[in-house]
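start31.json, holding JSON, C-alpha atoms:
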[["chain", "number", "residue", "atom", "x", "y", "z"],
["A", 305, "MET", "CA", 28.98, 24.56, 8.76],
["A", 306, "THR", "CA", 29.38, 22.37, 11.80],
["A", 307, "GLU", "CA", 29.82, 18.77, 10.73],
["A", 308, "ILE", "CA", 28.10, 15.83, 12.37],
["A", 309, "ARG", "CA", 29.43, 12.32, 11.88],
["A", 310, "PRO", "CA", 26.71, 9.67, 12.16],
["A", 311, "ARG", "CA", 27.17, 6.69, 14.44],
["A", 312, "ASN", "CA", 25.74, 3.25, 13.81],
["A", 313, "LEU", "CA", 22.36, 2.93, 15.47],
["A", 314, "THR", "CA", 22.48, 0.92, 18.69],
["A", 315, "ARG", "CA", 19.95, 0.45, 21.46],
["A", 316, "GLU", "CA", 22.35, 1.94, 24.00],
["A", 317, "GLY", "CA", 23.39, 4.97, 21.98],
["A", 318, "PHE", "CA", 19.84, 5.82, 20.99],
["A", 319, "ALA", "CA", 18.31, 5.21, 24.45],
["A", 320, "PRO", "CA", 18.11, 8.91, 25.44],
["A", 321, "PHE", "CA", 15.98, 9.61, 22.37],
["A", 322, "GLY", "CA", 13.91, 6.53, 21.72],
["A", 323, "ASP", "CA", 13.72, 2.81, 21.05],
["A", 324, "VAL", "CA", 15.42, 0.74, 18.40],
["A", 325, "ILE", "CA", 12.90, -1.57, 16.75],
["A", 326, "GLU", "CA", 14.97, -4.56, 15.79],
["A", 327, "ILE", "CA", 14.95, -8.25, 16.56],
["A", 328, "ASP", "CA", 17.67, -8.85, 19.10],
["A", 329, "GLU", "CA", 17.93, -12.13, 20.95],
["A", 330, "VAL", "CA", 19.14, -10.23, 24.01],
["A", 331, "VAL", "CA", 15.73, -8.61, 24.41],
["A", 332, "ALA", "CA", 13.26, -10.64, 26.41],
["A", 333, "ASN", "CA", 11.15, -12.58, 23.95],
["A", 334, "GLN", "CA", 8.41, -15.11, 24.19],
["A", 335, "PRO", "CA", 7.39, -18.03, 22.04],
["A", 336, "ILE", "CA", 3.79, -17.74, 20.82],
["A", 337, "ASN", "CA", 1.54, -19.80, 18.58],
["A", 338, "GLY", "CA", 2.84, -23.09, 19.91],
["A", 339, "GLY", "CA", 6.43, -22.11, 19.30],
["A", 340, "SER", "CA", 6.15, -21.29, 15.59],
["A", 341, "THR", "CA", 6.79, -17.61, 16.32],
["A", 342, "GLN", "CA", 9.14, -15.70, 18.61],
["A", 343, "ARG", "CA", 7.75, -12.37, 19.77],
["A", 344, "PHE", "CA", 9.86, -9.38, 20.88],
["A", 345, "ASP", "CA", 8.17, -6.45, 22.64],
["A", 346, "LEU", "CA", 10.29, -3.44, 21.74],
["A", 347, "ALA", "CA", 8.49, -0.12, 22.26],
["A", 348, "THR", "CA", 5.38, 1.54, 23.63],
["A", 349, "ALA", "CA", 3.43, 4.12, 21.64],
["A", 350, "THR", "CA", 2.62, 6.97, 24.02],
["A", 351, "ILE", "CA", -0.04, 9.60, 23.41],
["A", 352, "SER", "CA", -1.60, 12.55, 25.21],
["A", 353, "GLY", "CA", -4.24, 15.20, 24.53],
["A", 354, "THR", "CA", -7.87, 15.20, 23.50],
["A", 355, "ASN", "CA", -9.34, 12.35, 21.45],
["A", 356, "ALA", "CA", -5.85, 10.93, 21.18],
["A", 357, "GLN", "CA", -5.40, 7.58, 19.42],
["A", 358, "VAL", "CA", -2.54, 5.63, 17.92],
["A", 359, "GLN", "CA", -2.63, 5.42, 14.15],
["A", 360, "ILE", "CA", -0.82, 3.15, 11.75],
["A", 361, "SER", "CA", 0.32, 4.80, 8.54],
["A", 362, "MET", "CA", 2.75, 4.24, 5.73],
["A", 363, "ALA", "CA", 5.12, 6.68, 4.11],
["A", 364, "ARG", "CA", 6.84, 6.58, 0.73],
["A", 365, "ALA", "CA", 10.02, 8.58, 1.16],
["A", 366, "LYS", "CA", 12.31, 9.92, -1.54],
["A", 367, "PRO", "CA", 15.99, 9.36, -0.78],
["A", 368, "PHE", "CA", 18.46, 11.99, 0.34],
["A", 369, "SER", "CA", 22.20, 11.74, -0.12],
["A", 370, "LEU", "CA", 25.05, 12.35, 2.30],
["A", 371, "PRO", "CA", 26.46, 14.78, 3.22],
["A", 372, "TYR", "CA", 23.02, 16.03, 4.22],
["A", 373, "GLU", "CA", 22.31, 19.64, 5.10],
["A", 374, "LEU", "CA", 20.32, 19.65, 8.34],
["A", 375, "LYS", "CA", 18.29, 22.84, 8.41],
["A", 376, "MET", "CA", 15.62, 22.09, 11.00],
["A", 377, "VAL", "CA", 14.27, 19.66, 13.55],
["A", 378, "GLU", "CA", 10.77, 19.04, 14.86],
["A", 379, "ARG", "CA", 9.10, 17.41, 17.85],
["A", 380, "HIS", "CA", 5.68, 16.01, 18.64],
["A", 381, "PRO", "CA", 4.70, 17.05, 22.17],
["A", 382, "HIS", "CA", 1.66, 14.74, 22.24],
["A", 383, "GLY", "CA", 3.07, 11.45, 21.11],
["A", 384, "SER", "CA", 5.85, 9.06, 20.27],
["A", 385, "GLN", "CA", 6.52, 8.33, 16.60],
["A", 386, "ALA", "CA", 7.90, 5.13, 15.09],
["A", 387, "PHE", "CA", 9.36, 4.50, 11.64],
["A", 388, "VAL", "CA", 10.17, 1.03, 10.35],
["A", 389, "PRO", "CA", 11.12, 0.32, 6.72],
["A", 390, "VAL", "CA", 9.13, -2.50, 5.11],
["A", 391, "ARG", "CA", 12.15, -3.76, 3.22],
["A", 392, "PRO", "CA", 15.78, -3.90, 4.30],
["A", 393, "ALA", "CA", 17.11, -0.35, 3.96],
["A", 394, "ARG", "CA", 19.41, 2.22, 5.50],
["A", 395, "PHE", "CA", 18.07, 5.54, 6.71],
["A", 396, "LEU", "CA", 19.43, 8.53, 8.56],
["A", 397, "VAL", "CA", 18.18, 9.33, 12.06],
["A", 398, "VAL", "CA", 18.87, 12.80, 13.45],
["A", 399, "VAL", "CA", 17.93, 13.75, 17.01],
["A", 400, "ALA", "CA", 18.79, 16.52, 19.43],
["A", 401, "PRO", "CA", 18.60, 16.81, 23.22],
["A", 402, "ASP", "CA", 16.19, 19.36, 24.59],
["A", 403, "GLU", "CA", 17.76, 22.41, 26.23],
["A", 404, "ASN", "CA", 15.13, 24.58, 27.89],
["A", 405, "GLY", "CA", 12.58, 23.96, 25.19],
["A", 406, "LYS", "CA", 15.01, 24.33, 22.29],
["A", 407, "PRO", "CA", 17.06, 21.68, 20.47],
["A", 408, "GLY", "CA", 20.67, 21.32, 21.59],
["A", 409, "MET", "CA", 23.52, 19.93, 19.49],
["A", 410, "PRO", "CA", 22.13, 17.39, 16.99],
["A", 411, "GLN", "CA", 23.35, 13.81, 16.84],
["A", 412, "ALA", "CA", 23.06, 11.48, 13.87],
["A", 413, "PHE", "CA", 22.64, 7.71, 13.64],
["A", 414, "LEU", "CA", 22.69, 5.42, 10.63],
["A", 415, "ALA", "CA", 19.93, 2.81, 10.83],
["A", 416, "GLY", "CA", 20.85, -0.33, 8.96],
["A", 417, "PRO", "CA", 18.79, -3.07, 7.30],
["A", 418, "GLY", "CA", 16.46, -4.67, 9.84],
["A", 419, "GLN", "CA", 16.32, -1.60, 12.08],
["A", 420, "GLY", "CA", 13.53, 0.86, 12.80],
["A", 421, "ILE", "CA", 13.15, 3.49, 15.49],
["A", 422, "ASN", "CA", 10.55, 4.94, 17.85],
["A", 423, "TYR", "CA", 11.13, 8.54, 18.91],
["A", 424, "HIS", "CA", 10.05, 9.12, 22.48],
["A", 425, "GLN", "CA", 7.26, 11.64, 22.95],
["A", 426, "GLY", "CA", 8.61, 15.19, 22.61],
["A", 427, "THR", "CA", 12.04, 14.24, 21.23],
["A", 428, "TRP", "CA", 13.58, 16.69, 18.74],
["A", 429, "HIS", "CA", 14.31, 14.89, 15.46],
["A", 430, "GLY", "CA", 14.90, 15.48, 11.78],
["A", 431, "VAL", "CA", 12.47, 14.68, 9.01],
["A", 432, "LEU", "CA", 12.23, 11.17, 7.57],
["A", 433, "THR", "CA", 15.48, 10.71, 5.66],
["A", 434, "ALA", "CA", 15.65, 7.67, 3.44],
["A", 435, "LEU", "CA", 19.01, 6.92, 1.83],
["A", 436, "ASP", "CA", 20.06, 4.96, -1.26],
["A", 437, "ALA", "CA", 16.56, 4.49, -2.73],
["A", 438, "GLU", "CA", 12.91, 5.43, -2.36],
["A", 439, "THR", "CA", 11.79, 3.58, 0.76],
["A", 440, "ASP", "CA", 8.42, 2.67, 2.23],
["A", 441, "PHE", "CA", 8.04, 2.88, 6.00],
["A", 442, "ILE", "CA", 5.44, 1.93, 8.58],
["A", 443, "ILE", "CA", 4.65, 4.86, 10.87],
["A", 444, "VAL", "CA", 3.05, 4.43, 14.30],
["A", 445, "ASP", "CA", 2.16, 7.74, 15.89],
["A", 446, "ARG", "CA", -0.55, 9.83, 17.50],
["A", 447, "LYS", "CA", -3.62, 11.52, 16.10],
["A", 448, "GLY", "CA", -5.77, 13.83, 18.17],
["A", 449, "ASP", "CA", -7.28, 17.26, 18.40],
["A", 450, "GLU", "CA", -4.34, 19.46, 19.41],
["A", 451, "PRO", "CA", -1.56, 20.56, 17.05],
["A", 452, "ASN", "CA", 1.33, 18.16, 17.52],
["A", 453, "CYS", "CA", 4.37, 19.48, 15.69],
["A", 454, "ASP", "CA", 6.87, 22.11, 16.87],
["A", 455, "THR", "CA", 9.60, 23.01, 14.38],
["A", 456, "VAL", "CA", 12.84, 24.87, 14.87],
["A", 457, "THR", "CA", 14.98, 26.13, 11.99],
["A", 458, "PHE", "CA", 18.66, 26.48, 12.83],
["A", 459, "ASP", "CA", 20.40, 29.85, 12.31],
["A", 460, "THR", "CA", 23.20, 27.93, 10.62],
["A", 461, "PRO", "CA", 22.58, 24.51, 9.08],
["A", 462, "PHE", "CA", 24.62, 21.47, 10.11],
["A", 463, "SER", "CA", 26.26, 19.09, 7.67],
["A", 464, "VAL", "CA", 25.68, 15.39, 8.36],
["A", 465, "LEU", "CA", 28.58, 13.50, 6.87],
["A", 466, "ALA", "CA", 28.57, 10.13, 5.15],
["B", 590, "MET", "CA", -12.35, -31.74, 6.07],
["B", 591, "THR", "CA", -14.07, -28.67, 4.76],
["B", 592, "GLU", "CA", -11.82, -26.87, 2.30],
["B", 593, "ILE", "CA", -11.29, -23.12, 2.21],
["B", 594, "ARG", "CA", -9.89, -21.46, -0.87],
["B", 595, "PRO", "CA", -8.01, -18.25, -0.07],
["B", 596, "ARG", "CA", -8.79, -15.04, -1.92],
["B", 597, "ASN", "CA", -6.28, -12.33, -2.69],
["B", 598, "LEU", "CA", -6.27, -9.73, 0.06],
["B", 599, "THR", "CA", -8.13, -6.57, -0.90],
["B", 600, "ARG", "CA", -9.29, -3.62, 1.14],
["B", 601, "GLU", "CA", -12.90, -4.27, 0.21],
["B", 602, "GLY", "CA", -12.91, -8.01, 0.87],
["B", 603, "PHE", "CA", -11.16, -7.65, 4.20],
["B", 604, "ALA", "CA", -13.19, -4.65, 5.40],
["B", 605, "PRO", "CA", -15.52, -6.64, 7.71],
["B", 606, "PHE", "CA", -12.50, -7.95, 9.61],
["B", 607, "GLY", "CA", -9.88, -5.24, 9.56],
["B", 608, "ASP", "CA", -7.68, -2.88, 7.59],
["B", 609, "VAL", "CA", -5.22, -3.60, 4.82],
["B", 610, "ILE", "CA", -1.94, -1.80, 5.49],
["B", 611, "GLU", "CA", -0.64, -1.08, 2.03],
["B", 612, "ILE", "CA", 0.32, 1.98, 0.05],
["B", 613, "ASP", "CA", -2.52, 2.66, -2.32],
["B", 614, "GLU", "CA", -2.75, 5.91, -4.23],
["B", 615, "VAL", "CA", -6.54, 5.74, -3.93],
["B", 616, "VAL", "CA", -6.33, 6.27, -0.18],
["B", 617, "ALA", "CA", -6.21, 9.87, 0.92],
["B", 618, "ASN", "CA", -2.58, 10.79, 1.38],
["B", 619, "GLN", "CA", -0.71, 13.90, 2.26],
["B", 620, "PRO", "CA", 2.70, 15.24, 1.31],
["B", 621, "ILE", "CA", 4.89, 15.88, 4.34],
["B", 622, "ASN", "CA", 8.44, 17.07, 4.89],
["B", 623, "GLY", "CA", 8.29, 19.58, 2.10],
["B", 624, "GLY", "CA", 7.05, 17.03, -0.37],
["B", 625, "SER", "CA", 9.87, 14.50, 0.00],
["B", 626, "THR", "CA", 7.46, 12.00, 1.59],
["B", 627, "GLN", "CA", 3.89, 10.91, 0.90],
["B", 628, "ARG", "CA", 2.02, 9.78, 3.99],
["B", 629, "PHE", "CA", -0.94, 7.36, 4.00],
["B", 630, "ASP", "CA", -3.02, 6.97, 7.17],
["B", 631, "LEU", "CA", -4.34, 3.42, 7.03],
["B", 632, "ALA", "CA", -5.51, 2.12, 10.39],
["B", 633, "THR", "CA", -6.21, 3.01, 14.00],
["B", 634, "ALA", "CA", -4.95, 0.90, 16.88],
["B", 635, "THR", "CA", -7.83, 0.53, 19.33],
["B", 636, "ILE", "CA", -7.48, -0.56, 22.95],
["B", 637, "SER", "CA", -9.63, -0.99, 26.04],
["B", 638, "GLY", "CA", -9.24, -2.14, 29.63],
["B", 639, "THR", "CA", -7.05, -1.18, 32.55],
["B", 640, "ASN", "CA", -3.59, 0.34, 32.01],
["B", 641, "ALA", "CA", -4.05, -0.28, 28.31],
["B", 642, "GLN", "CA", -1.34, 0.94, 25.94],
["B", 643, "VAL", "CA", -0.33, 0.28, 22.37],
["B", 644, "GLN", "CA", 2.91, -1.61, 22.01],
["B", 645, "ILE", "CA", 5.20, -2.11, 19.05],
["B", 646, "SER", "CA", 6.73, -5.55, 18.78],
["B", 647, "MET", "CA", 8.41, -7.75, 16.23],
["B", 648, "ALA", "CA", 7.84, -11.39, 15.50],
["B", 649, "ARG", "CA", 10.04, -13.93, 13.76],
["B", 650, "ALA", "CA", 7.67, -16.49, 12.26],
["B", 651, "LYS", "CA", 8.49, -19.92, 10.91],
["B", 652, "PRO", "CA", 6.76, -20.65, 7.61],
["B", 653, "PHE", "CA", 3.81, -22.95, 7.12],
["B", 654, "SER", "CA", 2.92, -24.62, 3.84],
["B", 655, "LEU", "CA", -0.38, -24.93, 2.01],
["B", 656, "PRO", "CA", -2.69, -26.76, 2.27],
["B", 657, "TYR", "CA", -2.79, -25.63, 5.89],
["B", 658, "GLU", "CA", -4.80, -27.42, 8.55],
["B", 659, "LEU", "CA", -6.74, -24.77, 10.47],
["B", 660, "LYS", "CA", -7.42, -26.16, 13.92],
["B", 661, "MET", "CA", -8.26, -23.03, 15.92],
["B", 662, "VAL", "CA", -8.84, -19.31, 15.91],
["B", 663, "GLU", "CA", -8.39, -16.66, 18.55],
["B", 664, "ARG", "CA", -9.54, -13.12, 19.27],
["B", 665, "HIS", "CA", -8.35, -10.21, 21.39],
["B", 666, "PRO", "CA", -11.36, -8.58, 23.07],
["B", 667, "HIS", "CA", -9.32, -5.60, 24.31],
["B", 668, "GLY", "CA", -7.49, -4.47, 21.22],
["B", 669, "SER", "CA", -6.80, -4.43, 17.52],
["B", 670, "GLN", "CA", -3.71, -6.23, 16.27],
["B", 671, "ALA", "CA", -1.60, -5.37, 13.22],
["B", 672, "PHE", "CA", 0.98, -7.46, 11.38],
["B", 673, "VAL", "CA", 3.23, -6.05, 8.67],
["B", 674, "PRO", "CA", 6.18, -7.96, 7.21],
["B", 675, "VAL", "CA", 9.45, -6.01, 7.16],
["B", 676, "ARG", "CA", 10.43, -7.44, 3.80],
["B", 677, "PRO", "CA", 8.27, -8.28, 0.82],
["B", 678, "ALA", "CA", 6.56, -11.57, 1.65],
["B", 679, "ARG", "CA", 3.35, -13.53, 1.30],
["B", 680, "PHE", "CA", 1.43, -14.66, 4.35],
["B", 681, "LEU", "CA", -1.88, -16.34, 5.04],
["B", 682, "VAL", "CA", -4.65, -14.43, 6.80],
["B", 683, "VAL", "CA", -7.54, -16.43, 8.26],
["B", 684, "VAL", "CA", -10.53, -14.73, 9.87],
["B", 685, "ALA", "CA", -14.03, -15.73, 10.89],
["B", 686, "PRO", "CA", -17.22, -13.74, 11.51],
["B", 687, "ASP", "CA", -18.55, -13.77, 15.03],
["B", 688, "GLU", "CA", -21.78, -15.71, 15.57],
["B", 689, "ASN", "CA", -23.12, -15.22, 19.07],
["B", 690, "GLY", "CA", -19.67, -15.20, 20.62],
["B", 691, "LYS", "CA", -18.33, -18.10, 18.59],
["B", 692, "PRO", "CA", -16.45, -18.09, 15.28],
["B", 693, "GLY", "CA", -18.55, -18.75, 12.18],
["B", 694, "MET", "CA", -17.26, -20.16, 8.88],
["B", 695, "PRO", "CA", -13.61, -19.12, 8.41],
["B", 696, "GLN", "CA", -12.41, -17.16, 5.39],
["B", 697, "ALA", "CA", -8.85, -17.03, 4.10],
["B", 698, "PHE", "CA", -6.91, -14.29, 2.34],
["B", 699, "LEU", "CA", -3.45, -14.35, 0.78],
["B", 700, "ALA", "CA", -1.50, -11.20, 1.64],
["B", 701, "GLY", "CA", 1.05, -10.39, -1.03],
["B", 702, "PRO", "CA", 4.34, -8.48, -0.98],
["B", 703, "GLY", "CA", 3.79, -4.94, 0.27],
["B", 704, "GLN", "CA", 0.67, -5.83, 2.26],
["B", 705, "GLY", "CA", 0.04, -5.99, 5.99],
["B", 706, "ILE", "CA", -3.16, -6.21, 7.99],
["B", 707, "ASN", "CA", -4.78, -4.83, 11.14],
["B", 708, "TYR", "CA", -7.41, -7.05, 12.75],
["B", 709, "HIS", "CA", -10.20, -5.02, 14.26],
["B", 710, "GLN", "CA", -10.64, -5.38, 18.00],
["B", 711, "GLY", "CA", -12.36, -8.66, 18.83],
["B", 712, "THR", "CA", -12.07, -10.22, 15.35],
["B", 713, "TRP", "CA", -11.63, -13.99, 15.23],
["B", 714, "HIS", "CA", -8.42, -14.85, 13.38],
["B", 715, "GLY", "CA", -5.84, -17.58, 12.91],
["B", 716, "VAL", "CA", -2.31, -17.51, 14.25],
["B", 717, "LEU", "CA", 0.45, -15.71, 12.39],
["B", 718, "THR", "CA", 1.04, -17.82, 9.28],
["B", 719, "ALA", "CA", 4.12, -16.96, 7.29],
["B", 720, "LEU", "CA", 4.54, -18.74, 3.96],
["B", 721, "ASP", "CA", 7.54, -19.51, 1.75],
["B", 722, "ALA", "CA", 10.25, -18.50, 4.28],
["B", 723, "GLU", "CA", 10.86, -17.43, 7.84],
["B", 724, "THR", "CA", 9.48, -13.90, 7.98],
["B", 725, "ASP", "CA", 9.89, -10.99, 10.40],
["B", 726, "PHE", "CA", 6.82, -8.88, 11.13],
["B", 727, "ILE", "CA", 6.04, -5.65, 12.95],
["B", 728, "ILE", "CA", 3.19, -6.13, 15.42],
["B", 729, "VAL", "CA", 1.13, -3.24, 16.78],
["B", 730, "ASP", "CA", -1.26, -4.35, 19.48],
["B", 731, "ARG", "CA", -2.49, -3.79, 23.02],
["B", 732, "LYS", "CA", -0.92, -4.47, 26.38],
["B", 733, "GLY", "CA", -2.83, -4.05, 29.62],
["B", 734, "ASP", "CA", -3.93, -5.74, 32.79],
["B", 735, "GLU", "CA", -6.77, -7.98, 31.65],
["B", 736, "PRO", "CA", -6.31, -11.27, 29.77],
["B", 737, "ASN", "CA", -6.75, -10.52, 26.10],
["B", 738, "CYS", "CA", -6.92, -13.79, 24.16],
["B", 739, "ASP", "CA", -9.92, -16.06, 23.65],
["B", 740, "THR", "CA", -9.24, -19.25, 21.69],
["B", 741, "VAL", "CA", -11.64, -21.70, 20.08],
["B", 742, "THR", "CA", -10.57, -25.09, 18.77],
["B", 743, "PHE", "CA", -12.76, -26.44, 15.99],
["B", 744, "ASP", "CA", -14.38, -29.87, 16.40],
["B", 745, "THR", "CA", -13.20, -30.64, 12.88],
["B", 746, "PRO", "CA", -10.23, -28.78, 11.36],
["B", 747, "PHE", "CA", -10.55, -26.91, 8.07],
["B", 748, "SER", "CA", -8.12, -27.27, 5.18],
["B", 749, "VAL", "CA", -6.91, -24.01, 3.68],
["B", 750, "LEU", "CA", -5.94, -24.72, 0.09],
["B", 751, "ALA", "CA", -3.07, -23.25, -1.92]]
Translate the structure described by the file into structure tokens.
Amino acid sequence: MTEIRPRNLTREGFAPFGDVIEIDEVVANQPINGGSTQRFDLATATISGTNAQVQISMARAKPFSLPYELKMVERHPHGSQAFVPVRPARFLVVVAPDENGKPGMPQAFLAGPGQGINYHQGTWHGVLTALDAETDFIIVDRKGDEPNCDTVTFDTPFSVLA
Amino acid sequence: MTEIRPRNLTREGFAPFGDVIEIDEVVANQPINGGSTQRFDLATATISGTNAQVQISMARAKPFSLPYELKMVERHPHGSQAFVPVRPARFLVVVAPDENGKPGMPQAFLAGPGQGINYHQGTWHGVLTALDAETDFIIVDRKGDEPNCDTVTFDTPFSVLA
């Protein structure tokens, strides 16, 4: 099995695939509410299709352990999809570049406490992969009339290392 | 000063003003990812106006203490607005019914650990009011061309009790 070594999740490294949702003083921010709150605008939820809307959901995800056998990826052609843990937690983020409508070589990132992600519309990615403990996440993604999930199963799984 | 005693935040009590974003087995949920994750669809982000999109932001909010002097409320005519803490935390939620375009008598709710809220589009509400400690929140709301914040300052402040 081809092995994939995860990198720490950074805004720069993840930029081809999506946004990192994390408070970062480098990002333009604005004081609101008379200065009691600092606000950081980090991502846009994009949607397409018929009767498309952005929904806010939660997920309770069982943990996986590393090394993790990556058998498939999926993509949502009609919308971006964000995942943010609601308590400090690590999780595994797997993405792949698109190559003529199929996923290319996967890449893996380790999201650390305080980090969430927003997959850009149509980005190939793995399923939600909590680590260490059962983890609750906020999801922000698209609902609408058309089917919105393409999946590809790899001929040979990849092994995502610890 | 008129005193307001906060109630615990429940889906039923908050229904006239918005959604409670909380995992609740009573809500219809669906297994995804081969059963490793349970998904709960809890709220819809609504938007209107020109070049309107849903954005995902974070806020770092200084804490307030109770009793809290409620001087004003605001509303966003062009979009819903969600706040979910990214670690277990309490926060104060103040809303008011609309009475002919002005806020009526405010009501207060105490959100507990594991709870977030989504104000329905146009709902009068207080500013983000963390309690106990500085708290980071996910915000899901609308960006677009038109101004999107009406504020009303009360002639006499209210006192929100502990």
Shell around Asp323 (chain A) at 7 Å using all atoms listed in the file, local window under 3 positions removed, as a PyMOL selection string: chain A and resi 315+318-319+347+421-423
Point-to-point distance in Å for CA of Val388 (chain A) and CA of Ala650 (chain B): 17.8 Å
Two-atom distance - CA of His424 (chain A), CA of Gln710 (chain B) (Å):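 Computing it gives 25.7 Å between the two atoms.
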From A:Ile351, A:Ile325, A:Leu414, A:Ala400, residue lying nearest Ala434 (chain A) [all atoms listed in the file]: A:Leu414
Residues of chain A within 6 Å of chain B, counting all atoms listed in the file, as a list in words: Ser340, Thr341, Gln342, Arg343, Phe344, Asp345, Leu346, Ala347, Thr348, Ala349, Val358, Gln359, Ile360, Ser361, Met362, Ala363, Arg364, Ala365, Lys366, Val390 and Arg391 of chain A
Selection: 7 Å around Asp402 (chain A), only C-alpha atoms, excl. self and same-chain fewer than 5 positions, as a count of residues only: 3
Distance in Å - CA of Pro686 (chain B) versus CA of Leu720 (chain B): 23.6 Å
Minimum-distance residue to Ala751 (chain B), chosen among B:Glu658, B:Glu614, B:Glu688, B:Asp734 (using only C-alpha atoms): B:Glu658
For Gln696 (chain B), the nearest of the candidates B:Glu601, B:Glu592, B:Asp739, B:Glu663, counting only C-alpha atoms: B:Glu592
Show me, as JSON, the centre and edge lengths in Å to one decimal of the axis-aligned box that covers every listed atom of region 425-437 of chain A with 6 Å on each side.
{"center_x": 13.7, "center_y": 10.6, "center_z": 10.1, "size_x": 24.8, "size_y": 24.2, "size_z": 37.7}
